[in-house]
>>> print(open('start.pdb').read())   # PDB, C-alpha atoms and all ligand atoms
ATOM      1  CA  MET Z  22     -73.396 -53.511  12.256  1.00  0.00           C
ATOM      2  CA  SER Z  23     -70.933 -50.659  12.862  1.00  0.00           C
ATOM      3  CA  LEU Z  24     -68.668 -50.835  15.905  1.00  0.00           C
ATOM      4  CA  PRO Z  25     -70.287 -47.937  17.786  1.00  0.00           C
ATOM      5  CA  ALA Z  26     -73.712 -49.533  17.239  1.00  0.00           C
ATOM      6  CA  ALA Z  27     -72.318 -52.860  18.481  1.00  0.00           C
ATOM      7  CA  ALA Z  28     -70.989 -51.104  21.592  1.00  0.00           C
ATOM      8  CA  GLU Z  29     -74.521 -49.955  22.414  1.00  0.00           C
ATOM      9  CA  THR Z  30     -75.610 -53.561  22.878  1.00  0.00           C
ATOM     10  CA  ILE Z  31     -72.915 -54.104  25.512  1.00  0.00           C
ATOM     11  CA  ARG Z  32     -74.137 -53.812  29.075  1.00  0.00           C
ATOM     12  CA  VAL Z  33     -72.283 -53.001  32.281  1.00  0.00           C
ATOM     13  CA  ARG Z  34     -72.997 -55.498  35.070  1.00  0.00           C
ATOM     14  CA  SER Z  35     -71.342 -57.141  38.079  1.00  0.00           C
ATOM     15  CA  LEU Z  36     -68.640 -59.762  37.552  1.00  0.00           C
ATOM     16  CA  GLU Z  37     -69.871 -63.344  37.966  1.00  0.00           C
ATOM     17  CA  HIS Z  38     -67.917 -66.564  38.499  1.00  0.00           C
ATOM     18  CA  PRO Z  39     -68.310 -67.842  34.899  1.00  0.00           C
ATOM     19  CA  ASP Z  40     -66.727 -64.585  33.650  1.00  0.00           C
ATOM     20  CA  LEU Z  41     -63.373 -65.233  35.338  1.00  0.00           C
ATOM     21  CA  PRO Z  42     -61.518 -66.992  32.462  1.00  0.00           C
ATOM     22  CA  LEU Z  43     -62.782 -64.332  30.036  1.00  0.00           C
ATOM     23  CA  VAL Z  44     -61.761 -61.449  32.286  1.00  0.00           C
ATOM     24  CA  MET Z  45     -58.297 -62.930  32.787  1.00  0.00           C
ATOM     25  CA  ALA Z  46     -57.914 -63.455  29.028  1.00  0.00           C
ATOM     26  CA  LEU Z  47     -58.967 -59.853  28.461  1.00  0.00           C
ATOM     27  CA  ALA Z  48     -56.434 -58.589  31.027  1.00  0.00           C
ATOM     28  CA  GLN Z  49     -53.714 -60.418  29.098  1.00  0.00           C
ATOM     29  CA  ARG Z  50     -54.657 -58.492  25.941  1.00  0.00           C
ATOM     30  CA  VAL Z  51     -54.277 -55.148  27.769  1.00  0.00           C
ATOM     31  CA  PRO Z  52     -50.623 -54.597  28.702  1.00  0.00           C
ATOM     32  CA  ALA Z  53     -51.449 -51.842  31.209  1.00  0.00           C
ATOM     33  CA  ALA Z  54     -53.973 -54.030  33.073  1.00  0.00           C
ATOM     34  CA  PRO Z  55     -52.996 -55.942  36.228  1.00  0.00           C
ATOM     35  CA  GLN Z  56     -52.213 -59.600  35.572  1.00  0.00           C
ATOM     36  CA  TRP Z  57     -53.849 -60.981  38.713  1.00  0.00           C
ATOM     37  CA  PRO Z  58     -53.893 -64.779  39.034  1.00  0.00           C
ATOM     38  CA  ASP Z  59     -57.150 -66.711  39.231  1.00  0.00           C
ATOM     39  CA  SER Z  60     -56.844 -66.959  43.043  1.00  0.00           C
ATOM     40  CA  VAL Z  61     -56.797 -63.157  43.398  1.00  0.00           C
ATOM     41  CA  TRP Z  62     -59.814 -62.711  41.137  1.00  0.00           C
ATOM     42  CA  ARG Z  63     -61.711 -65.385  43.121  1.00  0.00           C
ATOM     43  CA  GLN Z  64     -60.782 -63.765  46.420  1.00  0.00           C
ATOM     44  CA  MET Z  65     -62.011 -60.397  45.155  1.00  0.00           C
ATOM     45  CA  LEU Z  66     -65.212 -61.901  43.762  1.00  0.00           C
ATOM     46  CA  GLU Z  67     -65.971 -63.715  47.010  1.00  0.00           C
ATOM     47  CA  ASN Z  68     -65.207 -60.524  48.941  1.00  0.00           C
ATOM     48  CA  THR Z  69     -62.995 -62.296  51.422  1.00  0.00           C
ATOM     49  CA  GLY Z  70     -60.815 -59.178  51.675  1.00  0.00           C
ATOM     50  CA  PRO Z  71     -61.886 -55.531  51.577  1.00  0.00           C
ATOM     51  CA  SER Z  72     -65.270 -54.804  50.007  1.00  0.00           C
ATOM     52  CA  ARG Z  73     -65.025 -54.384  46.252  1.00  0.00           C
ATOM     53  CA  CYS Z  74     -67.218 -53.503  43.308  1.00  0.00           C
ATOM     54  CA  ILE Z  75     -66.172 -55.381  40.178  1.00  0.00           C
ATOM     55  CA  LEU Z  76     -67.980 -54.490  36.980  1.00  0.00           C
ATOM     56  CA  VAL Z  77     -67.683 -55.869  33.469  1.00  0.00           C
ATOM     57  CA  ALA Z  78     -68.803 -54.562  30.088  1.00  0.00           C
ATOM     58  CA  ALA Z  79     -70.372 -57.670  28.587  1.00  0.00           C
ATOM     59  CA  ARG Z  80     -72.581 -59.033  25.846  1.00  0.00           C
ATOM     60  CA  GLU Z  81     -73.698 -62.639  26.146  1.00  0.00           C
ATOM     61  CA  GLN Z  82     -70.521 -64.718  26.573  1.00  0.00           C
ATOM     62  CA  GLN Z  83     -68.163 -61.872  25.652  1.00  0.00           C
ATOM     63  CA  ILE Z  84     -66.346 -59.527  28.041  1.00  0.00           C
ATOM     64  CA  PHE Z  85     -65.018 -56.258  26.588  1.00  0.00           C
ATOM     65  CA  GLY Z  86     -63.893 -54.411  29.699  1.00  0.00           C
ATOM     66  CA  PHE Z  87     -63.693 -54.463  33.469  1.00  0.00           C
ATOM     67  CA  CYS Z  88     -63.351 -52.094  36.384  1.00  0.00           C
ATOM     68  CA  VAL Z  89     -62.373 -52.841  39.989  1.00  0.00           C
ATOM     69  CA  VAL Z  90     -63.072 -50.482  42.886  1.00  0.00           C
ATOM     70  CA  VAL Z  91     -62.268 -51.078  46.560  1.00  0.00           C
ATOM     71  CA  HIS Z  92     -64.499 -49.438  49.154  1.00  0.00           C
ATOM     72  CA  GLY Z  93     -63.189 -47.861  52.351  1.00  0.00           C
ATOM     73  CA  VAL Z  94     -65.238 -46.144  55.061  1.00  0.00           C
ATOM     74  CA  ASP Z  95     -66.232 -43.070  53.097  1.00  0.00           C
ATOM     75  CA  GLU Z  96     -63.947 -43.250  50.105  1.00  0.00           C
ATOM     76  CA  ALA Z  97     -63.462 -45.592  47.184  1.00  0.00           C
ATOM     77  CA  GLU Z  98     -60.296 -46.359  45.254  1.00  0.00           C
ATOM     78  CA  LEU Z  99     -60.228 -47.269  41.589  1.00  0.00           C
ATOM     79  CA  GLU Z 100     -57.862 -50.240  41.448  1.00  0.00           C
ATOM     80  CA  SER Z 101     -58.110 -50.975  37.771  1.00  0.00           C
ATOM     81  CA  ILE Z 102     -60.020 -50.244  34.596  1.00  0.00           C
ATOM     82  CA  ALA Z 103     -59.350 -51.820  31.213  1.00  0.00           C
ATOM     83  CA  VAL Z 104     -61.075 -52.108  27.854  1.00  0.00           C
ATOM     84  CA  ASP Z 105     -60.272 -54.601  25.101  1.00  0.00           C
ATOM     85  CA  PRO Z 106     -57.903 -52.836  22.640  1.00  0.00           C
ATOM     86  CA  ALA Z 107     -60.269 -53.738  19.779  1.00  0.00           C
ATOM     87  CA  MET Z 108     -63.135 -51.935  21.548  1.00  0.00           C
ATOM     88  CA  GLN Z 109     -61.413 -48.831  22.871  1.00  0.00           C
ATOM     89  CA  ARG Z 110     -62.615 -45.305  22.100  1.00  0.00           C
ATOM     90  CA  LEU Z 111     -66.235 -46.445  21.936  1.00  0.00           C
ATOM     91  CA  GLY Z 112     -67.295 -45.115  25.324  1.00  0.00           C
ATOM     92  CA  LEU Z 113     -66.953 -48.362  27.289  1.00  0.00           C
ATOM     93  CA  GLY Z 114     -64.298 -46.996  29.668  1.00  0.00           C
ATOM     94  CA  ARG Z 115     -66.513 -44.026  30.457  1.00  0.00           C
ATOM     95  CA  ARG Z 116     -69.556 -46.269  31.029  1.00  0.00           C
ATOM     96  CA  LEU Z 117     -67.605 -48.594  33.341  1.00  0.00           C
ATOM     97  CA  LEU Z 118     -66.172 -45.678  35.314  1.00  0.00           C
ATOM     98  CA  GLN Z 119     -69.517 -43.926  35.636  1.00  0.00           C
ATOM     99  CA  ALA Z 120     -71.206 -47.146  36.824  1.00  0.00           C
ATOM    100  CA  ALA Z 121     -68.405 -47.728  39.367  1.00  0.00           C
ATOM    101  CA  MET Z 122     -68.698 -44.148  40.637  1.00  0.00           C
ATOM    102  CA  GLU Z 123     -72.459 -44.507  40.951  1.00  0.00           C
ATOM    103  CA  ALA Z 124     -72.131 -47.831  42.825  1.00  0.00           C
ATOM    104  CA  SER Z 125     -69.510 -46.335  45.164  1.00  0.00           C
ATOM    105  CA  ARG Z 126     -71.679 -43.284  45.831  1.00  0.00           C
ATOM    106  CA  HIS Z 127     -74.591 -45.546  46.738  1.00  0.00           C
ATOM    107  CA  SER Z 128     -72.392 -47.569  49.076  1.00  0.00           C
ATOM    108  CA  GLY Z 129     -71.595 -44.379  51.002  1.00  0.00           C
ATOM    109  CA  ALA Z 130     -68.297 -43.235  49.458  1.00  0.00           C
ATOM    110  CA  ARG Z 131     -67.955 -39.474  49.191  1.00  0.00           C
ATOM    111  CA  ARG Z 132     -64.887 -39.437  46.970  1.00  0.00           C
ATOM    112  CA  MET Z 133     -62.967 -41.706  44.653  1.00  0.00           C
ATOM    113  CA  LEU Z 134     -59.171 -41.817  44.503  1.00  0.00           C
ATOM    114  CA  LEU Z 135     -56.816 -43.348  41.964  1.00  0.00           C
ATOM    115  CA  GLU Z 136     -53.218 -43.488  40.796  1.00  0.00           C
ATOM    116  CA  VAL Z 137     -52.218 -43.578  37.166  1.00  0.00           C
ATOM    117  CA  ARG Z 138     -48.889 -43.764  35.359  1.00  0.00           C
ATOM    118  CA  ALA Z 139     -47.656 -40.296  34.396  1.00  0.00           C
ATOM    119  CA  SER Z 140     -47.330 -41.422  30.757  1.00  0.00           C
ATOM    120  CA  ASN Z 141     -50.887 -42.833  30.539  1.00  0.00           C
ATOM    121  CA  GLN Z 142     -52.544 -39.944  28.764  1.00  0.00           C
ATOM    122  CA  ALA Z 143     -55.576 -41.957  27.592  1.00  0.00           C
ATOM    123  CA  ALA Z 144     -56.555 -42.889  31.151  1.00  0.00           C
ATOM    124  CA  GLN Z 145     -55.829 -39.384  32.479  1.00  0.00           C
ATOM    125  CA  HIS Z 146     -58.120 -37.901  29.817  1.00  0.00           C
ATOM    126  CA  LEU Z 147     -60.839 -40.382  30.740  1.00  0.00           C
ATOM    127  CA  TYR Z 148     -60.549 -39.515  34.438  1.00  0.00           C
ATOM    128  CA  ALA Z 149     -60.453 -35.742  33.808  1.00  0.00           C
ATOM    129  CA  GLN Z 150     -63.542 -36.032  31.644  1.00  0.00           C
ATOM    130  CA  ALA Z 151     -65.291 -37.867  34.496  1.00  0.00           C
ATOM    131  CA  GLY Z 152     -64.518 -35.033  36.936  1.00  0.00           C
ATOM    132  CA  PHE Z 153     -61.229 -36.188  38.507  1.00  0.00           C
ATOM    133  CA  ARG Z 154     -58.567 -33.621  39.298  1.00  0.00           C
ATOM    134  CA  THR Z 155     -54.869 -34.117  39.950  1.00  0.00           C
ATOM    135  CA  VAL Z 156     -54.033 -33.877  43.654  1.00  0.00           C
ATOM    136  CA  GLY Z 157     -50.448 -35.139  43.786  1.00  0.00           C
ATOM    137  CA  ARG Z 158     -47.571 -37.046  42.288  1.00  0.00           C
ATOM    138  CA  ARG Z 159     -45.650 -40.037  43.720  1.00  0.00           C
ATOM    139  CA  PRO Z 160     -42.103 -40.176  42.304  1.00  0.00           C
ATOM    140  CA  GLY Z 161     -41.003 -43.652  41.172  1.00  0.00           C
ATOM    141  CA  TYR Z 162     -44.249 -45.261  42.422  1.00  0.00           C
ATOM    142  CA  TYR Z 163     -44.476 -47.780  39.579  1.00  0.00           C
ATOM    143  CA  SER Z 164     -41.927 -50.406  38.555  1.00  0.00           C
ATOM    144  CA  ASP Z 165     -41.311 -52.253  35.238  1.00  0.00           C
ATOM    145  CA  PRO Z 166     -40.787 -49.581  33.970  1.00  0.00           C
ATOM    146  CA  LYS Z 167     -40.144 -47.261  36.883  1.00  0.00           C
ATOM    147  CA  GLU Z 168     -42.388 -44.234  36.625  1.00  0.00           C
ATOM    148  CA  ASP Z 169     -44.133 -41.565  38.689  1.00  0.00           C
ATOM    149  CA  ALA Z 170     -47.784 -41.931  39.635  1.00  0.00           C
ATOM    150  CA  ILE Z 171     -50.258 -39.107  39.213  1.00  0.00           C
ATOM    151  CA  CYS Z 172     -52.776 -39.112  42.079  1.00  0.00           C
ATOM    152  CA  MET Z 173     -56.300 -38.053  41.156  1.00  0.00           C
ATOM    153  CA  GLU Z 174     -59.478 -37.565  43.125  1.00  0.00           C
ATOM    154  CA  CYS Z 175     -63.154 -36.918  42.429  1.00  0.00           C
ATOM    155  CA  ARG Z 176     -66.095 -36.001  44.664  1.00  0.00           C
ATOM    156  CA  LEU Z 177     -68.902 -38.509  44.316  1.00  0.00           C
ATOM    157  CA  ASP Z 178     -71.889 -36.202  44.471  1.00  0.00           C
ATOM    158  CA  ALA Z 179     -74.915 -36.905  42.287  1.00  0.00           C
ATOM    159  CA  GLU Z 180     -74.226 -33.966  39.932  1.00  0.00           C
ATOM    160  CA  THR Z 181     -70.645 -35.004  39.193  1.00  0.00           C
ATOM    161  CA  VAL Z 182     -71.574 -38.619  38.478  1.00  0.00           C
ATOM    162  CA  ALA Z 183     -74.638 -37.717  36.394  1.00  0.00           C
ATOM    163  CA  GLY Z 184     -72.680 -34.983  34.596  1.00  0.00           C
ATOM    164  CA  ILE Z 185     -70.186 -37.299  32.899  1.00  0.00           C
ATOM    165  CA  PRO Z 186     -70.751 -36.567  29.206  1.00  0.00           C
ATOM    166  CA  ALA Z 187     -72.485 -39.341  27.256  1.00  0.00           C
ATOM    167  CA  ARG Z 188     -71.196 -40.124  23.798  1.00  0.00           C
TER
HETATM  168  C1  LIG Z 201     -58.097 -46.014  29.646  1.00  0.00           C
HETATM  169  C2  LIG Z 201     -59.104 -46.911  28.949  1.00  0.00           C
HETATM  170  C3  LIG Z 201     -59.796 -47.793  30.004  1.00  0.00           C
HETATM  171  C4  LIG Z 201     -60.166 -46.032  28.259  1.00  0.00           C
HETATM  172  O1  LIG Z 201     -61.194 -46.884  27.754  1.00  0.00           O
HETATM  173  P1  LIG Z 201     -62.019 -46.500  26.431  1.00  0.00           P
HETATM  174  O2  LIG Z 201     -63.207 -47.395  26.371  1.00  0.00           O
HETATM  175  O3  LIG Z 201     -61.137 -46.474  25.260  1.00  0.00           O
HETATM  176  O4  LIG Z 201     -62.450 -45.012  26.793  1.00  0.00           O
HETATM  177  P2  LIG Z 201     -63.710 -44.203  26.210  1.00  0.00           P
HETATM  178  O5  LIG Z 201     -63.973 -44.603  24.804  1.00  0.00           O
HETATM  179  O6  LIG Z 201     -64.848 -44.313  27.180  1.00  0.00           O
HETATM  180  O7  LIG Z 201     -63.134 -42.726  26.212  1.00  0.00           O
HETATM  181  C5  LIG Z 201     -63.512 -41.767  27.173  1.00  0.00           C
HETATM  182  C6  LIG Z 201     -62.553 -40.609  27.100  1.00  0.00           C
HETATM  183  O8  LIG Z 201     -61.249 -41.011  27.529  1.00  0.00           O
HETATM  184  C7  LIG Z 201     -60.262 -40.311  26.783  1.00  0.00           C
HETATM  185  N1  LIG Z 201     -59.490 -41.254  25.983  1.00  0.00           N
HETATM  186  C8  LIG Z 201     -59.701 -42.581  25.834  1.00  0.00           C
HETATM  187  N2  LIG Z 201     -58.738 -43.118  25.055  1.00  0.00           N
HETATM  188  C9  LIG Z 201     -57.908 -42.121  24.724  1.00  0.00           C
HETATM  189  C10 LIG Z 201     -56.719 -42.036  23.953  1.00  0.00           C
HETATM  190  N3  LIG Z 201     -56.199 -43.122  23.358  1.00  0.00           N
HETATM  191  N4  LIG Z 201     -56.097 -40.844  23.839  1.00  0.00           N
HETATM  192  C11 LIG Z 201     -56.605 -39.743  24.444  1.00  0.00           C
HETATM  193  N5  LIG Z 201     -57.737 -39.750  25.180  1.00  0.00           N
HETATM  194  C12 LIG Z 201     -58.379 -40.919  25.311  1.00  0.00           C
HETATM  195  C13 LIG Z 201     -61.024 -39.343  25.892  1.00  0.00           C
HETATM  196  O9  LIG Z 201     -61.193 -38.147  26.604  1.00  0.00           O
HETATM  197  C14 LIG Z 201     -62.336 -40.070  25.708  1.00  0.00           C
HETATM  198  O10 LIG Z 201     -63.390 -39.221  25.355  1.00  0.00           O
HETATM  199  P3  LIG Z 201     -63.688 -38.905  23.782  1.00  0.00           P
HETATM  200  O11 LIG Z 201     -63.669 -40.227  23.065  1.00  0.00           O
HETATM  201  O12 LIG Z 201     -65.025 -38.265  23.819  1.00  0.00           O
HETATM  202  O13 LIG Z 201     -62.565 -38.007  23.354  1.00  0.00           O
HETATM  203  C15 LIG Z 201     -58.427 -47.776  27.842  1.00  0.00           C
HETATM  204  O14 LIG Z 201     -57.643 -46.946  27.028  1.00  0.00           O
HETATM  205  C16 LIG Z 201     -57.559 -48.894  28.397  1.00  0.00           C
HETATM  206  O15 LIG Z 201     -58.039 -49.998  28.662  1.00  0.00           O
HETATM  207  N6  LIG Z 201     -56.272 -48.615  28.530  1.00  0.00           N
HETATM  208  C17 LIG Z 201     -55.328 -49.641  29.019  1.00  0.00           C
HETATM  209  C18 LIG Z 201     -55.529 -49.921  30.514  1.00  0.00           C
HETATM  210  C19 LIG Z 201     -55.275 -48.687  31.334  1.00  0.00           C
HETATM  211  O16 LIG Z 201     -54.413 -47.880  31.017  1.00  0.00           O
HETATM  212  N7  LIG Z 201     -56.066 -48.530  32.431  1.00  0.00           N
HETATM  213  C20 LIG Z 201     -55.908 -47.416  33.327  1.00  0.00           C
HETATM  214  C21 LIG Z 201     -54.851 -47.634  34.350  1.00  0.00           C
HETATM  215  S1  LIG Z 201     -55.091 -49.134  35.248  1.00  0.00           S
END
>>> encode(input="start.pdb", output="structure tokens", more="lines below")
Ligand SMILES: CC(C)(COP(=O)(O)OP(=O)(O)OC[C@H]1O[C@@H](n2cnc3c(N)ncnc32)[C@H](O)[C@@H]1OP(=O)(O)O)[C@@H](O)C(=O)NCCC(=O)NCCS
Amino acid sequence: MSLPAAAETIRVRSLEHPDLPLVMALAQRVPAAPQWPDSVWRQMLENTGPSRCILVAAREQQIFGFCVVVHGVDEAELESIAVDPAMQRLGLGRRLLQAAMEASRHSGARRMLLEVRASNQAAQHLYAQAGFRTVGRRPGYYSDPKEDAICMECRLDAETVAGIPAR
């Protein structure tokens, strides 16, 4: 089976408790992903803090990507998105982002915000393709290494979310 065909059998769904070790192992394989400890993942999953939407790209017992969005009153913030390096460029990032945007829209958010490292061209291309535009820059926002953040924003209307190009 070719890789793109294999990617088609991967489905985007909500994170579940048994996924936690797999999601944390995946995060370790993606240097740009947050290395949250188990306690933080559990807290997010149990929604003890702010309301979150946590999605995974999964097939049976395998996790290939994840996406975390926090919901405010009428806006959502993309906290993280990551795809297994072995499965990148197959459309999984786009599918995760589109599903997160759709879920946020349904929960009442009218726009989605995010910050991304200025050097992270792959993620910026993904976001631009999904309808995000650059709205600002935060000098020295990131550490290790220190770097500016690009702030991006997208309206969550039905046309924008449905209009994200499929592969
Ligand atoms: C950003 C990331 C999630 C994209 O996931 P992905 O599954 O590879 O993305 P997709 O295959 O859905 O690509 C969608 C679009 O994003 C852009 N893109 C993705 N990877 C790219 C790359 N390496 N270079 C340039 N553009 C890229 C392209 O526009 C692509 O569309 P195309 O393939 O039709 O040209 C992935 O590269 C990743 O996990 N990076 C490390 C973690 C990270 O940086 N997360 C964001 C900040 S927290």
>>> resolve_selection(input="start.pdb", expression="the PyMOL selection byres (((chain Z and resi 138) around 12) and not hetatm)", output="ChimeraX atom specification")
/Z:53-54,101,135-137,139-145,158-173
>>> write_last_selection(input="start.pdb", atoms="C-alpha atoms", output="short mmCIF file (atom, residue, chain, number, x, y, z; two decimals), keeping the file's coordinate frame")
data_model
loop_
_atom_site.label_atom_id
_atom_site.label_comp_id
_atom_site.auth_asym_id
_atom_site.auth_seq_id
_atom_site.Cartn_x
_atom_site.Cartn_y
_atom_site.Cartn_z
CA ALA Z 53 -51.45 -51.84 31.21
CA ALA Z 54 -53.97 -54.03 33.07
CA SER Z 101 -58.11 -50.98 37.77
CA LEU Z 135 -56.82 -43.35 41.96
CA GLU Z 136 -53.22 -43.49 40.80
CA VAL Z 137 -52.22 -43.58 37.17
CA ALA Z 139 -47.66 -40.30 34.40
CA SER Z 140 -47.33 -41.42 30.76
CA ASN Z 141 -50.89 -42.83 30.54
CA GLN Z 142 -52.54 -39.94 28.76
CA ALA Z 143 -55.58 -41.96 27.59
CA ALA Z 144 -56.56 -42.89 31.15
CA GLN Z 145 -55.83 -39.38 32.48
CA ARG Z 158 -47.57 -37.05 42.29
CA ARG Z 159 -45.65 -40.04 43.72
CA PRO Z 160 -42.10 -40.18 42.30
CA GLY Z 161 -41.00 -43.65 41.17
CA TYR Z 162 -44.25 -45.26 42.42
CA TYR Z 163 -44.48 -47.78 39.58
CA SER Z 164 -41.93 -50.41 38.56
CA ASP Z 165 -41.31 -52.25 35.24
CA PRO Z 166 -40.79 -49.58 33.97
CA LYS Z 167 -40.14 -47.26 36.88
CA GLU Z 168 -42.39 -44.23 36.62
CA ASP Z 169 -44.13 -41.56 38.69
CA ALA Z 170 -47.78 -41.93 39.64
CA ILE Z 171 -50.26 -39.11 39.21
CA CYS Z 172 -52.78 -39.11 42.08
CA MET Z 173 -56.30 -38.05 41.16
#
>>> resolve_selection(input="start.pdb", expression="the PyMOL selection byres (((not hetatm)) within 9 of (chain Z and resi 201))", output="number ranges by chain")
Z: 48, 51-55, 86-88, 99-106, 108-118, 135-138, 141-151, 186-188
>>> residues_near_point(input="start.pdb", point="(-72.9, -43.5, 35.8)", cutoff="6 Å", atoms="only C-alpha atoms", output="list of chain:residue names")
Z:Gln119, Z:Ala120, Z:Glu123, Z:Val182
>>> closest_residue(input="start.pdb", among="Z:Leu41, Z:Met65, Z:Ala130, Z:Met122", to="Phe153 of chain Z", atoms="only C-alpha atoms")
Z:Met122
>>> resolve_selection(input="start.pdb", expression="the PyMOL selection byres (((chain Z and resi 128) around 10) and not hetatm)", output="ChimeraX atom specification")
/Z:74,92-97,122-127,129-131
>>> residues_near_point(input="start.pdb", point="(-72.0, -53.2, 22.8)", cutoff="9 Å", atoms="all atoms listed in the file", output="ChimeraX atom specification")
/Z:24-32,78-80,85,111,113
>>> closest_residue(input="start.pdb", among="Z:Thr155, Z:Glu174, Z:Leu36, Z:Glu180", to="Asn68 of chain Z", atoms="only C-alpha atoms")
Z:Leu36
>>> atom_distance(input="start.pdb", atom1="atom CA of Pro58 of chain Z", atom2="atom CA of Glu37 of chain Z")
16.1 Å
>>> residues_around(input="start.pdb", residues="Gln64 of chain Z", least_positions_apart="6", cutoff="12 Å", atoms="all atoms listed in the file", output="list in words")
His38, Leu41, Trp57, Pro58, Gly70, Pro71, Ser72, Arg73 and Ile75 of chain Z
>>> atom_distance(input="start.pdb", atom1="atom CA of Val90 of chain Z", atom2="atom CA of Ala121 of chain Z")
7.0 Å
>>> atom_distance(input="start.pdb", atom1="atom CA of Met133 of chain Z", atom2="atom CA of Gln49 of chain Z")
26.0 Å
>>> closest_residue(input="start.pdb", among="Z:Ala183, Z:Cys175, Z:Leu76, Z:Leu66", to="Arg34 of chain Z", atoms="only C-alpha atoms")
Z:Leu76
>>> closest_residue(input="start.pdb", among="Z:Leu43, Z:Ile185, Z:Val61, Z:Leu177", to="Glu81 of chain Z", atoms="only C-alpha atoms")
Z:Leu43
